[in-house]
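Below is one structure, written out as structure tokens, with a few remarks after it.
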Amino acid sequence: SFIATFVDSFREHRLLLEAPAERTSSAIAAALEGAEGAARAGLLVERAVARMRVRQYEGAMADWGAAVRLISPLGDAFAEAADAATPAEMERERALASWTAATDVPSPSLALSMLGMFLHLRGNYDDAMTCYNRALELNPSAIDVLLKRSSLWFEKEQLPKAHEDFDTALAIDDQHADIYCHRGQLHMLQQDLDKAVTDLKRSVQLDGGSILARIQLGMSHHRLKQIAEARAAFQEAEAAFPDSPDALNYHGEFLVESGDLTGALTKFTKAIDVSNGTFALAHVNLGVLKLHGEQDLHGAIDRCKKAIEVDPLCETAHVHM
């Protein structure tokens with residue numbers, strides 16, 4: 001769910017995932033047989049996007065990597081078969097030219113951006129940085145790449161470079177909501193909450209489609225002890241995204257810290273309902289309520305077990321266990 005929320009914080013990615021699927025997975029697999037160049041890249045990208053829609057992120061990363069492999073050694077770790085021949089440099093140059101010229105396929109820069117993002121989230125910082133840099137060589141105006149690279153600079157503790165990328169992005173388009181969302185999040189991480197509120201408000205005003213911006217705005221107000229503003233932000237997030245387990249869960253966490261355990265219980269339960277039981281953090285939070293509200297240790301452990309059952313990679317659940 002963390003990866004899904006991060007992907008959703010980029011408007012370009014939201015639009016890509018919201019577009020209707022063109023083919024079934026079996027049709028894509030059949031079409032891949034013998035496909036080359038831009039055609040093959042397009043099919044791999046199509047399958048990567050389809051996998052992202054259903055949160056099959058390992059498979060999606062493999063497909064983005066295989067697409068990048070057609071044009072760059074950066075994708076060589078994602079060969080589709082153990083005996084697949086590595087493309088020659090001239091082949092890659094031809095593939096890049098044909099892919100760049102194709103108008104019906106997401107760009108090579110986007111593929112590098114997506115591969116970099118997954119490597120970044122997995123902790124492969126150096127490889128991710130190389131992907132981002134190459135993506136920007138192909139498209140210097142790619143705001144999503146600048147924002148991802150800024151986040152990576154922050155994680156590498158090179159804050160001035162992070163802000164340089166934000167400044168570059170603003171020079172390209174100072175009305176782009178994603179810039180303010182991600183810079184606001186960076187301000188939050190630095191505990192510069194007034195600046196965070198300013199940027200996150202701006203993001204929501206420009207494009208209210210990012211659930212992350214709305215949640216972070218509520219959290220920033222809460223940390224500033226601006227309780228009325230925080231409550232309003234969470235209510236607005238829930239109103240804008242009534243079926244978002246993220247909005248419900250973080251609204252519930254705010255209510256816990258405000259002392260409204262009954263209201264929090266309602267939000268966590270609804271977060272589980274709208275996600276068909278799959279939103280792990282809400283299970284953990286219900287466990288926390290059982291422990292602190294009812295002193296029910298076994299019930300709390302059972303909730304954490306359920307969270308791990310529905311999302312084995314939920315770090316919070318393992319920590320609480």
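Naming works like this for the structure tokens: A, B, ... for the chains as they're shown, residue 1 at the start of each chain, ligands 1 onward in shown order.
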| request: Please provide as a count of residues only all residues within 10 Å of A:Phe268, with the sequence filter that same-chain residues fewer than 6 positions apart are discarded (counting only C-alpha atoms). | output: 16
| What's the 6 Å shell around stretch 299-302 of chain A, counting only C-alpha atoms, without same-chain residues fewer than 6 positions away, as a PyMOL selection string? | chain A and resi 287+290-291
Dump of all heavy atoms for the selected residues, as a PDB file, in the first residue's frame:
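out.pdb, freshly written:
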ATOM      1  N   GLY A 287      -5.680  -3.472  16.218  1.00  0.00           N
ATOM      2  CA  GLY A 287      -4.939  -4.197  17.243  1.00  0.00           C
ATOM      3  C   GLY A 287      -4.435  -3.277  18.339  1.00  0.00           C
ATOM      4  O   GLY A 287      -4.511  -3.602  19.534  1.00  0.00           O
ATOM      5  N   LYS A 290      -7.252  -2.470  20.548  1.00  0.00           N
ATOM      6  CA  LYS A 290      -7.561  -3.591  21.448  1.00  0.00           C
ATOM      7  C   LYS A 290      -6.589  -3.636  22.616  1.00  0.00           C
ATOM      8  O   LYS A 290      -6.980  -3.898  23.759  1.00  0.00           O
ATOM      9  CB  LYS A 290      -7.523  -4.916  20.681  1.00  0.00           C
ATOM     10  CG  LYS A 290      -8.783  -5.193  19.870  1.00  0.00           C
ATOM     11  CD  LYS A 290      -8.813  -6.625  19.383  1.00  0.00           C
ATOM     12  CE  LYS A 290     -10.185  -6.951  18.787  1.00  0.00           C
ATOM     13  NZ  LYS A 290     -11.244  -6.970  19.815  1.00  0.00           N
ATOM     14  N   LEU A 291      -5.327  -3.348  22.344  1.00  0.00           N
ATOM     15  CA  LEU A 291      -4.317  -3.406  23.394  1.00  0.00           C
ATOM     16  C   LEU A 291      -4.501  -2.272  24.399  1.00  0.00           C
ATOM     17  O   LEU A 291      -4.559  -2.499  25.612  1.00  0.00           O
ATOM     18  CB  LEU A 291      -2.918  -3.343  22.776  1.00  0.00           C
ATOM     19  CG  LEU A 291      -1.756  -3.404  23.766  1.00  0.00           C
ATOM     20  CD1 LEU A 291      -1.759  -4.729  24.528  1.00  0.00           C
ATOM     21  CD2 LEU A 291      -0.428  -3.244  23.043  1.00  0.00           C
TER      22      LEU A 291
END
Please produce, as a Markdown table, a per-residue contact table for stretch 100-164 of chain A versus stretch 6-16 of chain A (criterion: any atom at most 12 Å away, only C-alpha atoms considered), showing the nearest atom pair and its distance in Å to one decimal, sorted by chain then residue number.
| residue | atom | partner | partner_atom | distance |
| --- | --- | --- | --- | --- |
| A:Val105 | CA | A:Leu16 | CA | 11.2 |
| A:Pro106 | CA | A:Leu16 | CA | 9.0 |
| A:Leu110 | CA | A:His13 | CA | 9.6 |
| A:Ala111 | CA | A:His13 | CA | 11.5 |
| A:Ser113 | CA | A:His13 | CA | 10.8 |
| A:Met114 | CA | A:Val7 | CA | 9.4 |
| A:Met117 | CA | A:Val7 | CA | 9.0 |
| A:Phe118 | CA | A:Val7 | CA | 10.0 |
| A:His120 | CA | A:Phe6 | CA | 11.6 |
| A:Leu121 | CA | A:Phe6 | CA | 9.5 |
| A:Ala142 | CA | A:Glu12 | CA | 10.3 |
| A:Ile143 | CA | A:Phe10 | CA | 9.4 |
| A:Asp144 | CA | A:Phe10 | CA | 6.7 |
| A:Val145 | CA | A:Phe10 | CA | 10.1 |
| A:Leu146 | CA | A:Phe10 | CA | 11.6 |
| A:Leu147 | CA | A:Phe10 | CA | 9.2 |
| A:Lys148 | CA | A:Phe10 | CA | 9.8 |
| A:Ser151 | CA | A:Phe6 | CA | 11.3 |
Requested write-out: N, CA and C atoms of the selected residues, as a compact mmCIF listing (two decimals), in the first residue's frame:
# COMPACT_ATOMS: atom_id res chain seq x y z
N VAL A 105 3.14 4.84 -27.62
CA VAL A 105 3.79 4.09 -26.54
C VAL A 105 4.37 5.10 -25.54
N PRO A 106 4.15 4.89 -24.23
CA PRO A 106 4.82 5.76 -23.25
C PRO A 106 6.32 5.82 -23.52
N LEU A 110 9.98 7.63 -19.53
CA LEU A 110 9.06 7.15 -18.51
C LEU A 110 9.44 5.75 -18.04
N ALA A 111 9.85 4.89 -18.96
CA ALA A 111 10.27 3.54 -18.57
C ALA A 111 11.47 3.59 -17.63
N SER A 113 12.24 6.12 -15.74
CA SER A 113 11.73 6.70 -14.50
C SER A 113 11.07 5.65 -13.62
N MET A 114 10.26 4.78 -14.24
CA MET A 114 9.56 3.75 -13.47
C MET A 114 10.53 2.70 -12.93
N MET A 117 12.27 4.24 -10.10
CA MET A 117 11.40 4.34 -8.93
C MET A 117 11.37 3.03 -8.15
N PHE A 118 11.21 1.91 -8.86
CA PHE A 118 11.15 0.62 -8.15
C PHE A 118 12.50 0.27 -7.53
N HIS A 120 14.65 2.45 -6.50
CA HIS A 120 14.71 3.41 -5.40
C HIS A 120 13.94 2.87 -4.18
N LEU A 121 12.70 2.44 -4.41
CA LEU A 121 11.88 1.93 -3.31
C LEU A 121 12.46 0.66 -2.71
N ALA A 142 11.07 16.27 -17.62
CA ALA A 142 10.27 15.24 -16.96
C ALA A 142 10.16 15.56 -15.46
N ILE A 143 9.07 16.20 -15.08
CA ILE A 143 8.91 16.65 -13.70
C ILE A 143 8.84 15.46 -12.74
N ASP A 144 8.20 14.36 -13.14
CA ASP A 144 8.12 13.21 -12.24
C ASP A 144 9.50 12.69 -11.89
N VAL A 145 10.43 12.74 -12.85
CA VAL A 145 11.78 12.24 -12.59
C VAL A 145 12.52 13.20 -11.65
N LEU A 146 12.35 14.48 -11.87
CA LEU A 146 13.00 15.46 -10.99
C LEU A 146 12.52 15.29 -9.54
N LEU A 147 11.23 15.02 -9.37
CA LEU A 147 10.69 14.86 -8.01
C LEU A 147 11.19 13.57 -7.37
N LYS A 148 11.25 12.51 -8.15
CA LYS A 148 11.78 11.25 -7.61
C LYS A 148 13.25 11.40 -7.26
N SER A 151 13.70 13.23 -4.04
CA SER A 151 13.50 12.35 -2.89
C SER A 151 14.72 11.49 -2.63
| field | Residue contacts of A:Met188 (12 Å, only C-alpha atoms) excluding same-chain residues fewer than 4 positions away, as an MDAnalysis selection string | value | chainID A and resid 180:184 192:200 213 215:224
Residue selection dump (C-alpha atoms) as a PDB file, in the first residue's frame:
ATOM      1  CA  TYR A 180       4.240  21.216  -4.043  1.00  0.00           C
ATOM      2  CA  CYS A 181       3.053  17.844  -2.751  1.00  0.00           C
ATOM      3  CA  HIS A 182       6.536  16.340  -2.753  1.00  0.00           C
ATOM      4  CA  ARG A 183       8.291  19.463  -1.530  1.00  0.00           C
ATOM      5  CA  GLY A 184       5.712  19.682   1.256  1.00  0.00           C
ATOM      6  CA  ASP A 192       9.544  22.528   8.859  1.00  0.00           C
ATOM      7  CA  LEU A 193       5.795  22.247   9.271  1.00  0.00           C
ATOM      8  CA  ASP A 194       4.701  25.787   8.376  1.00  0.00           C
ATOM      9  CA  LYS A 195       6.366  25.465   4.974  1.00  0.00           C
ATOM     10  CA  ALA A 196       4.864  21.995   4.630  1.00  0.00           C
ATOM     11  CA  VAL A 197       1.353  23.348   5.189  1.00  0.00           C
ATOM     12  CA  THR A 198       1.909  26.129   2.639  1.00  0.00           C
ATOM     13  CA  ASP A 199       3.100  23.716  -0.062  1.00  0.00           C
ATOM     14  CA  LEU A 200       0.520  21.021   0.631  1.00  0.00           C
ATOM     15  CA  ALA A 213      -1.180  15.660  -0.405  1.00  0.00           C
ATOM     16  CA  ILE A 215      -3.312  13.280   4.179  1.00  0.00           C
ATOM     17  CA  GLN A 216       0.038  15.024   4.653  1.00  0.00           C
ATOM     18  CA  LEU A 217      -1.757  18.363   4.983  1.00  0.00           C
ATOM     19  CA  GLY A 218      -3.880  16.962   7.799  1.00  0.00           C
ATOM     20  CA  MET A 219      -0.835  15.479   9.494  1.00  0.00           C
ATOM     21  CA  SER A 220       1.096  18.752   9.219  1.00  0.00           C
ATOM     22  CA  HIS A 221      -1.746  20.709  10.832  1.00  0.00           C
ATOM     23  CA  HIS A 222      -1.971  18.074  13.556  1.00  0.00           C
ATOM     24  CA  ARG A 223       1.751  18.262  14.349  1.00  0.00           C
ATOM     25  CA  LEU A 224       1.384  22.042  14.584  1.00  0.00           C
TER      26      LEU A 224
END
| field | In stretch 21-194 of chain A, DSSP alpha helix (DSSP H) residues written as a count of residues only | value | 122
| note | What separates atom CA of A:Thr168 and atom CA of A:Leu152 is a distance of 15.4 Å
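Excluding A:Leu138 and any residue on its chain fewer than 2 positions from it, the residues at most 8 Å away by only C-alpha atoms are Pro108, Ser109, Arg134, Ala135, Leu136 and Pro140 of chain A.
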| request: Would you mind telling me which residue in A:Ile272, A:Ala66, A:Ala177, A:Leu255 lies nearest to A:Asp207 when using only C-alpha atoms? | output: A:Ala177
| said: Quick one: residues within 12 Å of A:Ala85, only C-alpha atoms, excluding same-chain residues fewer than 6 positions away - as a PyMOL selection string? | reply: chain A and resi 69-70+76+79+91
| task | Choose the residue, out of A:Thr100, A:Arg202, A:Gly75, A:Met90, that has the smallest atom-to-atom separation from A:Asp127; count only C-alpha atoms. | result |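 Ranked by minimum distance to A:Asp127, first place goes to A:Gly75.
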| query | Can you tell me, as a ChimeraX atom specification, what residues are no more than 10 Å from stretch 27-30 of chain A when counting only C-alpha atoms, ignoring any on the same chain fewer than 6 positions away? | reply | /A:40,42-44,46-47
| Long-range neighbours of A:Glu238 as a PyMOL selection string, 7 Å cut-off, only C-alpha atoms, 3 positions minimum in chain | chain A and resi 234-235+241-242+247-248
